[in-house]
Every structure is written in C-alpha cells, then in structure tokens.
$ cat coords-v5.txt   # compact mmCIF, C-alpha atoms
# COMPACT_ATOMS: atom_id res chain seq x y z
CA MET A 1 108.75 84.98 113.03
CA ARG A 2 105.14 84.41 114.06
CA HIS A 3 103.32 86.31 116.79
CA PRO A 4 99.92 85.46 118.27
CA LEU A 5 97.93 88.67 118.66
CA ILE A 6 94.54 89.50 120.11
CA LEU A 7 93.34 93.06 119.75
CA ALA A 8 90.19 93.35 121.83
CA ALA A 9 89.25 96.63 120.16
CA LEU A 10 87.73 97.82 123.43
CA ILE A 11 90.54 99.92 124.93
CA LEU A 12 89.90 103.60 124.29
CA GLY A 13 92.18 106.60 124.63
CA LEU A 14 95.41 105.08 123.26
CA ALA A 15 97.19 107.77 121.28
CA ILE A 16 98.76 107.70 117.85
CA PRO A 17 99.09 110.72 115.55
CA ALA A 18 95.73 111.94 114.24
CA ALA A 19 94.96 109.78 111.23
CA PRO A 20 93.19 112.34 108.99
CA ALA A 21 96.39 114.40 108.74
CA LEU A 22 98.66 111.48 107.85
CA ALA A 23 99.16 109.65 104.60
CA GLN A 24 98.97 105.86 104.53
CA TYR A 25 99.86 103.13 102.11
CA GLY A 26 99.40 99.40 102.05
CA GLY A 27 96.81 96.69 101.66
CA GLY A 28 93.09 97.18 101.33
CA GLY A 29 89.87 95.51 102.34
CA GLY A 30 88.36 92.72 100.34
CA GLY A 31 85.28 90.57 100.13
CA GLY A 32 86.92 87.12 100.26
CA GLY A 33 88.50 85.36 103.20
CA GLY A 34 91.30 82.89 103.56
CA GLY A 35 94.04 84.40 101.36
CA PRO A 36 96.10 87.58 101.34
CA GLY A 37 93.87 90.58 100.95
CA GLY A 38 96.20 93.30 99.62
CA HIS A 39 99.75 94.49 99.25
CA GLY A 40 101.52 97.68 100.21
CA GLY A 41 104.46 99.44 98.64
CA GLY A 42 107.44 101.35 99.90
CA GLY A 43 109.10 104.53 98.70
CA GLY A 44 111.48 105.10 95.80
CA ALA A 45 114.22 102.63 94.90
CA SER A 46 117.32 102.93 92.75
CA GLY A 47 117.26 101.58 89.20
CA GLY A 48 119.31 99.10 87.20
CA ASP A 49 120.98 95.90 88.32
CA ASP A 50 120.84 96.87 92.01
CA ASP A 51 117.03 97.01 91.83
CA ALA A 52 116.82 93.63 90.10
CA ALA A 53 119.09 91.97 92.66
CA ALA A 54 117.23 93.54 95.57
CA LYS A 55 113.86 92.45 94.14
CA ALA A 56 115.08 88.88 93.66
CA LYS A 57 116.34 88.75 97.24
CA LYS A 58 113.06 90.10 98.63
CA ASP A 59 111.01 87.70 96.51
CA ALA A 60 113.07 84.79 97.81
CA GLU A 61 112.58 85.79 101.45
CA TRP A 62 108.97 86.95 101.10
CA ASN A 63 107.33 83.58 101.53
CA THR A 64 104.09 84.00 99.59
CA THR A 65 103.53 80.23 99.48
CA GLU A 66 102.64 80.15 103.19
CA GLN A 67 98.93 80.77 103.59
CA LEU A 68 97.68 83.12 106.27
CA ASP A 69 96.07 81.33 109.19
CA LEU A 70 92.44 81.87 108.18
CA PRO A 71 89.70 79.44 107.16
CA GLY A 72 88.75 79.36 103.49
CA LYS A 73 85.23 80.71 103.90
CA LYS A 74 83.42 83.57 102.30
CA ASN A 75 83.14 86.53 104.67
CA ALA A 76 79.94 88.18 105.79
CA GLY A 77 81.34 91.47 104.42
CA PRO A 78 84.53 93.29 103.39
CA CYS A 79 87.80 93.03 105.30
CA PRO A 80 89.16 95.97 107.31
CA TYR A 81 91.68 98.12 105.48
CA VAL A 82 95.22 97.25 106.55
CA LYS A 83 97.69 100.08 105.96
CA VAL A 84 101.20 101.23 106.81
CA LEU A 85 101.23 104.74 108.27
CA TRP A 86 103.42 106.86 105.99
CA ASP A 87 104.90 108.86 108.87
CA ALA A 88 106.04 105.66 110.58
CA ALA A 89 106.91 103.51 107.56
CA ARG A 90 110.68 104.05 107.98
CA TYR A 91 113.02 104.10 110.96
CA VAL A 92 116.18 106.19 110.48
CA GLU A 93 118.57 106.95 113.34
CA LEU A 94 120.54 110.17 112.78
CA LYS A 95 123.24 111.19 115.25
CA ASP A 96 122.56 114.73 116.50
CA ASN A 97 119.72 114.83 113.90
CA ARG A 98 122.26 115.54 111.15
CA GLU A 99 120.93 114.55 107.73
CA SER A 100 124.18 113.17 106.36
CA TYR A 101 125.26 109.64 105.59
CA ASP A 102 128.05 109.57 108.17
CA ALA A 103 125.45 110.30 110.89
CA VAL A 104 123.25 107.27 110.08
CA GLY A 105 122.91 104.53 112.69
CA TYR A 106 120.32 101.80 112.26
CA THR A 107 117.57 102.00 109.64
CA GLY A 108 114.40 100.06 108.91
CA GLU A 109 111.62 100.11 106.35
CA ILE A 110 108.30 98.28 106.04
CA GLN A 111 108.65 97.14 102.45
CA ASN A 112 105.38 95.32 102.01
CA LEU A 113 102.44 93.71 103.74
CA SER A 114 99.75 91.20 102.95
CA SER A 115 96.60 90.53 104.94
CA GLY A 116 93.38 88.57 105.02
CA CYS A 117 90.32 88.30 107.24
CA SER A 118 87.48 85.97 108.15
CA TYR A 119 84.11 86.45 109.87
CA THR A 120 80.54 85.21 109.65
CA ALA A 121 77.24 86.18 111.30
CA ALA A 122 78.04 88.22 114.45
CA THR A 123 81.45 86.63 115.15
CA PRO A 124 84.50 88.85 115.69
CA ILE A 125 86.58 89.75 112.64
CA LYS A 126 89.76 87.67 112.54
CA VAL A 127 92.65 89.32 110.72
CA ALA A 128 96.06 87.85 109.88
CA MET A 129 98.97 89.68 108.27
CA GLU A 130 102.52 89.24 107.07
CA LEU A 131 105.00 92.11 106.98
CA LEU A 132 108.22 92.36 105.01
CA PHE A 133 110.93 94.44 106.68
CA GLU A 134 114.31 95.64 105.41
CA PHE A 135 116.83 96.66 108.09
CA GLY A 136 120.17 98.43 107.65
CA ARG A 137 123.33 99.49 109.50
CA GLY A 138 124.99 102.86 108.88
CA PRO A 139 128.38 104.22 109.96
CA GLN A 140 127.10 105.00 113.48
CA ALA A 141 125.78 101.46 114.10
CA ARG A 142 128.14 99.68 116.49
CA ALA A 143 126.50 96.31 117.17
CA ALA A 144 125.75 93.41 114.81
CA SER A 145 122.13 93.20 115.95
CA LYS A 146 119.24 95.53 116.72
CA ASP A 147 115.77 95.22 118.26
CA TYR A 148 113.22 97.18 116.22
CA THR A 149 109.84 98.04 117.72
CA TYR A 150 106.70 98.44 115.64
CA TRP A 151 103.04 98.81 116.56
CA VAL A 152 99.67 97.64 115.27
CA ALA A 153 96.56 99.74 115.96
CA VAL A 154 92.87 99.18 115.24
CA THR A 155 90.74 102.25 114.53
CA ASP A 156 87.09 102.73 113.75
CA LYS A 157 85.66 104.68 110.82
CA ASP A 158 85.87 107.90 112.87
CA ASN A 159 89.63 107.32 113.29
CA ALA A 160 89.30 106.67 117.03
CA VAL A 161 91.98 104.24 118.24
CA LEU A 162 90.29 101.16 119.72
CA ASP A 163 93.46 99.25 120.60
CA LYS A 164 97.19 99.43 119.99
CA GLN A 165 99.96 96.94 120.74
CA TYR A 166 103.74 96.89 120.28
CA PHE A 167 105.98 94.14 118.89
CA THR A 168 109.72 93.63 118.55
CA VAL A 169 111.72 92.20 115.65
CA HIS A 170 115.31 91.16 116.40
CA ALA A 171 117.52 91.80 113.35
CA VAL A 172 120.97 90.22 113.10
CA PHE A 173 123.47 91.52 110.53
CA PRO A 174 125.90 88.81 109.35
CA ASN A 175 129.58 89.69 108.99
CA GLY A 176 130.14 91.96 106.01
CA GLN A 177 126.44 92.72 105.50
CA ASP A 178 124.78 96.03 106.27
CA ARG A 179 121.25 95.05 105.16
CA VAL A 180 118.90 92.19 105.99
CA THR A 181 115.28 91.45 105.13
CA MET A 182 112.88 89.68 107.49
CA THR A 183 109.25 88.56 107.41
CA ASP A 184 107.04 88.82 110.51
CA HIS A 185 103.66 87.12 110.93
CA LEU A 186 100.74 88.30 113.06
CA ASP A 187 97.88 85.85 113.58
CA GLY A 188 94.64 86.12 115.48
CA ILE A 189 93.93 89.85 115.38
CA SER A 190 90.38 89.89 116.75
CA ILE A 191 87.96 92.79 116.30
CA PRO A 192 84.61 92.33 118.11
CA ARG A 193 81.42 93.61 116.48
CA ALA A 194 78.31 94.91 118.17
CA ASN A 195 76.10 92.84 115.86
CA SER A 196 76.05 91.11 112.48
CA ASN A 197 75.33 94.39 110.67
CA VAL A 198 78.79 95.81 111.51
CA SER A 199 81.14 94.96 108.65
CA GLY A 200 84.91 94.99 108.44
CA GLY A 201 84.66 98.14 106.35
CA ASN A 202 84.05 100.06 109.57
CA PHE A 203 87.61 99.41 110.78
CA GLU A 204 91.21 100.05 109.78
CA VAL A 205 94.35 98.26 110.96
CA LEU A 206 97.36 100.57 110.93
CA VAL A 207 101.02 99.52 111.21
CA GLY A 208 104.17 101.57 111.81
CA PHE A 209 107.56 101.76 113.50
CA ASP A 210 107.83 103.25 116.96
CA VAL A 211 109.52 106.49 115.83
CA THR A 212 110.59 109.74 117.47
CA PRO A 213 109.01 113.07 116.43
CA GLU A 214 112.20 113.84 114.48
CA MET A 215 111.94 110.53 112.60
CA ALA A 216 108.28 111.21 111.84
CA ALA A 217 109.14 114.65 110.43
CA PHE A 218 111.91 113.07 108.31
CA ASN A 219 109.38 110.59 106.92
CA GLN A 220 106.70 113.24 106.37
CA ALA A 221 109.14 115.18 104.19
CA GLY A 222 109.65 112.06 102.06
CA LYS A 223 113.39 111.99 102.75
CA ARG A 224 115.47 108.84 102.43
CA PHE A 225 119.07 107.77 101.99
CA LYS A 226 119.90 106.34 98.59
CA VAL A 227 123.12 105.00 97.06
CA ASN A 228 123.93 106.66 93.76
CA ALA A 229 126.39 104.96 91.40
CA GLY A 230 129.73 106.73 91.31
CA SER A 231 128.96 109.01 94.24
CA SER A 232 128.46 108.89 97.99
CA GLU A 233 125.08 108.29 99.61
CA THR A 234 122.84 111.32 99.60
CA VAL A 235 119.51 112.38 101.06
CA GLN A 236 116.78 112.48 98.44
CA ALA A 237 113.43 114.13 99.12
CA ARG A 238 110.12 113.48 97.41
CA ALA A 239 107.52 116.18 97.35
CA GLN A 240 104.51 114.02 98.14
CA PRO A 241 103.75 110.61 99.71
CA PRO A 242 102.17 107.90 97.52
CA ALA A 243 98.68 108.52 96.19
CA GLN A 244 95.86 107.17 98.31
$ encode --input "coords-v5.txt" --output "structure tokens"
Amino acid sequence: MRHPLILAALILGLAIPAAPALAQYGGGGGGGGGGPGGHGGGGGASGGDDDAAAKAKKDAEWNTTEQLDLPGKKNAGPCPYVKVLWDAARYVELKDNRESYDAVGYTGEIQNLSSGCSYTAATPIKVAMELLFEFGRGPQARAASKDYTYWVAVTDKDNAVLDKQYFTVHAVFPNGQDRVTMTDHLDGISIPRANSNVSGGNFEVLVGFDVTPEMAAFNQAGKRFKVNAGSSETVQARAQPPAQ
C-alpha cells in the first residue's frame, strides 16, 4: 500500500511521549540520496525452523527491489534519522489487561523499515520510507480483518514535535491463518528548511502504533507473547530495549 504524505513541519504543540525518556530503534541518517537509508529491527524471535520459515516469508513479502520514490542525486547533507519508537513498536490487545495468552485479541509489530531522502541547496528535505508490519489474531479476536492505526512524527534536534499524522493499514486474515505480513509505503514526506545551512541531521522522523497507556507500559517492560515448542504461549520479558 502506498500513501502520499506531506509533513509541513510547521505545526507546533502536537503531543507524543517525551522523546528523551523513550528508547528508539530503526534506520539512521545517511549522506547519499535515492536508495534506502537504513534498516530497523524488532524484538526477540524464537529459534530453529520456525525462525527460518518466518524469515523466508518476510523476505518474500518485503519488496526490496522496489526503489523508494527519490531522485538519484547526492544530498546537500545527511538524511534525518528515521526510527521506530520502542514504546509504540508493538500493538497488543489484552482483554481486561490480563497478561495471558487467552486474553490476547489483535496484535501488531513494526518488523522493519527502510528510508531515504533527497535535498539540494535550500529545498525542503524529501523523505520516503517503507515499513514492514506483522499482524496477528489471538483467542479474543472475533473478526477476520482489523484496521491498525500508526503515526509518523517529525521532530527537531530539541525533540520538539513539528508535525504528526496518522495512517491506517487494513489487515485481512485468510481462513486458517492468524498472522499476516504487510508492507506500507510513505512517499513525499517534506521537511522545510530555514536556509541551505540546515541539514537533515537536525531532524528525526519517528514512527509508532497508536497505543493506549497500558500498551505503552507493556512495550516499555519489553514483554511479548512467544510460542515455545511443546508448551503453551507465554509472556517473556526482556530487561532492556535494544542498544541505541
């Protein structure tokens, strides 16, 4: 799915959780334009054959042969850092906030992202990105489809939010399947600059699911549901988010 997006980077006062207190992971800035600029990673995965099969499926659906919609020119400076906010990287519905497998409704995870940018002289910074999502259905999920909402925010180097917009991905679960992967494309993210001396390194582009405070706390604790061979699904916690 491809979305046109223009972030004017002029709207102040939009609120997301204070960035200095939150961990992030994902792509980084770069000097070149035209191609993907960096890749993010998700949290822990199970080992063995299940991992190999899951990786093959994601590689097949993660269309890296499609170039981002940017001209092949050398930039005037580095690209903005594009990151997934750790606290909003996963979406996990829990009935009555019970952390047990039988309470799980719909789930989602931002598995990966790639991004690139282009700008010259005093022109606005144009950013394009692709996001890889994995969506799931738990015992409490009743429908075969779900609309997931995620947001994209532009911040400056002082972590002030300049603009923030929301997008929806419609996931459909085929009969007999409780997981699907989808790729979403965002083109035309535009970040104006005051003059040619303002580089992309002065900005960050943050991405995350639209989560409740309870979901954010669940993510902050590093908790996730994981299938263990020979046993039922359990909640596994990690002490720390990925290294910066």
$ atom_distance --input "coords-v5.txt" --atom1 "atom CA of A:Lys95" --atom2 "atom CA of A:Glu214"
11.4 Å
$ closest_residue --input "coords-v5.txt" --among "A:Thr149, A:Thr107, A:Asn195, A:Asn97" --to "A:Arg137" --atoms "all atoms listed in the file"
A:Thr107
$ atom_distance --input "coords-v5.txt" --atom1 "atom CA of A:Tyr166" --atom2 "atom CA of A:Ala194"
25.6 Å
$ closest_atom_pairs --input "coords-v5.txt" --of "stretch 140-227 of chain A" --to "stretch 82-93 of chain A" --cutoff "10 Å" --atoms "all atoms listed in the file" --output "tab-separated table"
residue	atom	partner	partner_atom	distance
A:Gln140	CA	A:Glu93	CA	8.8
A:Ala141	CA	A:Glu93	CA	9.1
A:Tyr148	CA	A:Tyr91	CA	8.7
A:Thr149	CA	A:Tyr91	CA	9.6
A:Tyr150	CA	A:Ala88	CA	8.8
A:Trp151	CA	A:Ala88	CA	9.6
A:Val152	CA	A:Val84	CA	9.3
A:Ala153	CA	A:Val82	CA	9.8
A:Val154	CA	A:Val82	CA	9.2
A:Phe203	CA	A:Val82	CA	9.0
A:Glu204	CA	A:Val82	CA	5.9
A:Val205	CA	A:Val82	CA	4.6
A:Leu206	CA	A:Lys83	CA	5.0
A:Val207	CA	A:Val84	CA	4.7
A:Gly208	CA	A:Ala88	CA	4.7
A:Phe209	CA	A:Ala88	CA	5.1
A:Asp210	CA	A:Ala88	CA	7.1
A:Val211	CA	A:Ala88	CA	6.4
A:Thr212	CA	A:Tyr91	CA	8.9
A:Pro213	CA	A:Asp87	CA	9.6
A:Glu214	CA	A:Glu93	CA	9.5
A:Met215	CA	A:Val92	CA	6.4
A:Ala216	CA	A:Asp87	CA	5.1
A:Ala217	CA	A:Asp87	CA	7.3
A:Phe218	CA	A:Asp87	CA	8.2
A:Asn219	CA	A:Asp87	CA	5.2
A:Gln220	CA	A:Asp87	CA	5.4
A:Ala221	CA	A:Asp87	CA	8.9
A:Gly222	CA	A:Asp87	CA	8.9
A:Lys223	CA	A:Arg90	CA	9.9
A:Arg224	CA	A:Val92	CA	8.5
A:Phe225	CA	A:Val92	CA	9.1
$ closest_residue --input "coords-v5.txt" --among "A:Ser145, A:Ser115, A:Ser100, A:Thr155" --to "A:Ile191" --atoms "all atoms listed in the file"
A:Thr155
$ residues_around --input "coords-v5.txt" --residues "A:Asp147" --least-positions-apart "2" --cutoff "7 Å" --atoms "only C-alpha atoms" --output "PyMOL selection string"
chain A and resi 149+168-171
$ atom_distance --input "coords-v5.txt" --atom1 "atom CA of A:Asn159" --atom2 "atom CA of A:Gly200"
14.1 Å
$ decode --input "coords-v5.txt" --residues "stretch 91-114 of chain A" --atoms "N, CA and C atoms" --output "PDB file, in the first residue's frame"
ATOM      1  N   TYR A  91       1.709  -3.506  19.062  1.00  0.00           N
ATOM      2  CA  TYR A  91       0.305  -3.280  19.422  1.00  0.00           C
ATOM      3  C   TYR A  91      -0.221  -4.616  19.927  1.00  0.00           C
ATOM      4  N   VAL A  92      -0.594  -4.675  21.205  1.00  0.00           N
ATOM      5  CA  VAL A  92      -1.087  -5.923  21.803  1.00  0.00           C
ATOM      6  C   VAL A  92      -2.360  -5.638  22.590  1.00  0.00           C
ATOM      7  N   GLU A  93      -3.488  -6.153  22.101  1.00  0.00           N
ATOM      8  CA  GLU A  93      -4.758  -6.013  22.810  1.00  0.00           C
ATOM      9  C   GLU A  93      -4.870  -7.115  23.860  1.00  0.00           C
ATOM     10  N   LEU A  94      -5.136  -6.723  25.111  1.00  0.00           N
ATOM     11  CA  LEU A  94      -5.301  -7.682  26.204  1.00  0.00           C
ATOM     12  C   LEU A  94      -6.643  -7.419  26.884  1.00  0.00           C
ATOM     13  N   LYS A  95      -7.523  -8.396  26.857  1.00  0.00           N
ATOM     14  CA  LYS A  95      -8.821  -8.234  27.494  1.00  0.00           C
ATOM     15  C   LYS A  95      -8.645  -8.065  28.999  1.00  0.00           C
ATOM     16  N   ASP A  96      -9.255  -7.003  29.535  1.00  0.00           N
ATOM     17  CA  ASP A  96      -9.167  -6.683  30.964  1.00  0.00           C
ATOM     18  C   ASP A  96      -7.721  -6.511  31.421  1.00  0.00           C
ATOM     19  N   ASN A  97      -6.811  -6.221  30.469  1.00  0.00           N
ATOM     20  CA  ASN A  97      -5.377  -6.024  30.767  1.00  0.00           C
ATOM     21  C   ASN A  97      -4.736  -7.246  31.421  1.00  0.00           C
ATOM     22  N   ARG A  98      -5.281  -8.422  31.160  1.00  0.00           N
ATOM     23  CA  ARG A  98      -4.696  -9.653  31.691  1.00  0.00           C
ATOM     24  C   ARG A  98      -3.566 -10.110  30.773  1.00  0.00           C
ATOM     25  N   GLU A  99      -2.398 -10.334  31.339  1.00  0.00           N
ATOM     26  CA  GLU A  99      -1.244 -10.757  30.553  1.00  0.00           C
ATOM     27  C   GLU A  99      -1.212 -12.277  30.455  1.00  0.00           C
ATOM     28  N   SER A 100      -2.161 -12.817  29.729  1.00  0.00           N
ATOM     29  CA  SER A 100      -2.218 -14.260  29.480  1.00  0.00           C
ATOM     30  C   SER A 100      -2.651 -14.478  28.046  1.00  0.00           C
ATOM     31  N   TYR A 101      -2.248 -15.595  27.473  1.00  0.00           N
ATOM     32  CA  TYR A 101      -2.489 -15.826  26.060  1.00  0.00           C
ATOM     33  C   TYR A 101      -3.973 -15.832  25.722  1.00  0.00           C
ATOM     34  N   ASP A 102      -4.810 -16.396  26.600  1.00  0.00           N
ATOM     35  CA  ASP A 102      -6.234 -16.464  26.278  1.00  0.00           C
ATOM     36  C   ASP A 102      -6.914 -15.103  26.307  1.00  0.00           C
ATOM     37  N   ALA A 103      -6.202 -14.057  26.758  1.00  0.00           N
ATOM     38  CA  ALA A 103      -6.763 -12.701  26.784  1.00  0.00           C
ATOM     39  C   ALA A 103      -6.346 -11.875  25.573  1.00  0.00           C
ATOM     40  N   VAL A 104      -5.524 -12.430  24.674  1.00  0.00           N
ATOM     41  CA  VAL A 104      -4.986 -11.667  23.553  1.00  0.00           C
ATOM     42  C   VAL A 104      -6.025 -11.524  22.448  1.00  0.00           C
ATOM     43  N   GLY A 105      -6.193 -10.271  21.971  1.00  0.00           N
ATOM     44  CA  GLY A 105      -7.029 -10.011  20.813  1.00  0.00           C
ATOM     45  C   GLY A 105      -6.167  -9.866  19.576  1.00  0.00           C
ATOM     46  N   TYR A 106      -6.110  -8.665  19.023  1.00  0.00           N
ATOM     47  CA  TYR A 106      -5.292  -8.413  17.843  1.00  0.00           C
ATOM     48  C   TYR A 106      -3.911  -7.900  18.264  1.00  0.00           C
ATOM     49  N   THR A 107      -2.912  -8.262  17.484  1.00  0.00           N
ATOM     50  CA  THR A 107      -1.544  -7.826  17.758  1.00  0.00           C
ATOM     51  C   THR A 107      -0.929  -7.257  16.486  1.00  0.00           C
ATOM     52  N   GLY A 108       0.093  -6.452  16.655  1.00  0.00           N
ATOM     53  CA  GLY A 108       0.828  -5.907  15.520  1.00  0.00           C
ATOM     54  C   GLY A 108       2.244  -5.571  15.935  1.00  0.00           C
ATOM     55  N   GLU A 109       3.158  -5.618  15.003  1.00  0.00           N
ATOM     56  CA  GLU A 109       4.550  -5.262  15.272  1.00  0.00           C
ATOM     57  C   GLU A 109       5.152  -4.635  14.029  1.00  0.00           C
ATOM     58  N   ILE A 110       5.906  -3.559  14.224  1.00  0.00           N
ATOM     59  CA  ILE A 110       6.687  -2.967  13.136  1.00  0.00           C
ATOM     60  C   ILE A 110       7.998  -3.744  13.079  1.00  0.00           C
ATOM     61  N   GLN A 111       8.113  -4.601  12.076  1.00  0.00           N
ATOM     62  CA  GLN A 111       9.252  -5.509  12.000  1.00  0.00           C
ATOM     63  C   GLN A 111      10.504  -4.839  11.441  1.00  0.00           C
ATOM     64  N   ASN A 112      10.299  -3.909  10.535  1.00  0.00           N
ATOM     65  CA  ASN A 112      11.463  -3.326   9.871  1.00  0.00           C
ATOM     66  C   ASN A 112      11.051  -2.044   9.152  1.00  0.00           C
ATOM     67  N   LEU A 113      12.026  -1.229   8.830  1.00  0.00           N
ATOM     68  CA  LEU A 113      11.766  -0.058   7.997  1.00  0.00           C
ATOM     69  C   LEU A 113      12.997   0.249   7.175  1.00  0.00           C
ATOM     70  N   SER A 114      12.771   0.893   6.028  1.00  0.00           N
ATOM     71  CA  SER A 114      13.863   1.404   5.240  1.00  0.00           C
ATOM     72  C   SER A 114      13.484   2.794   4.762  1.00  0.00           C
TER      73      SER A 114
END
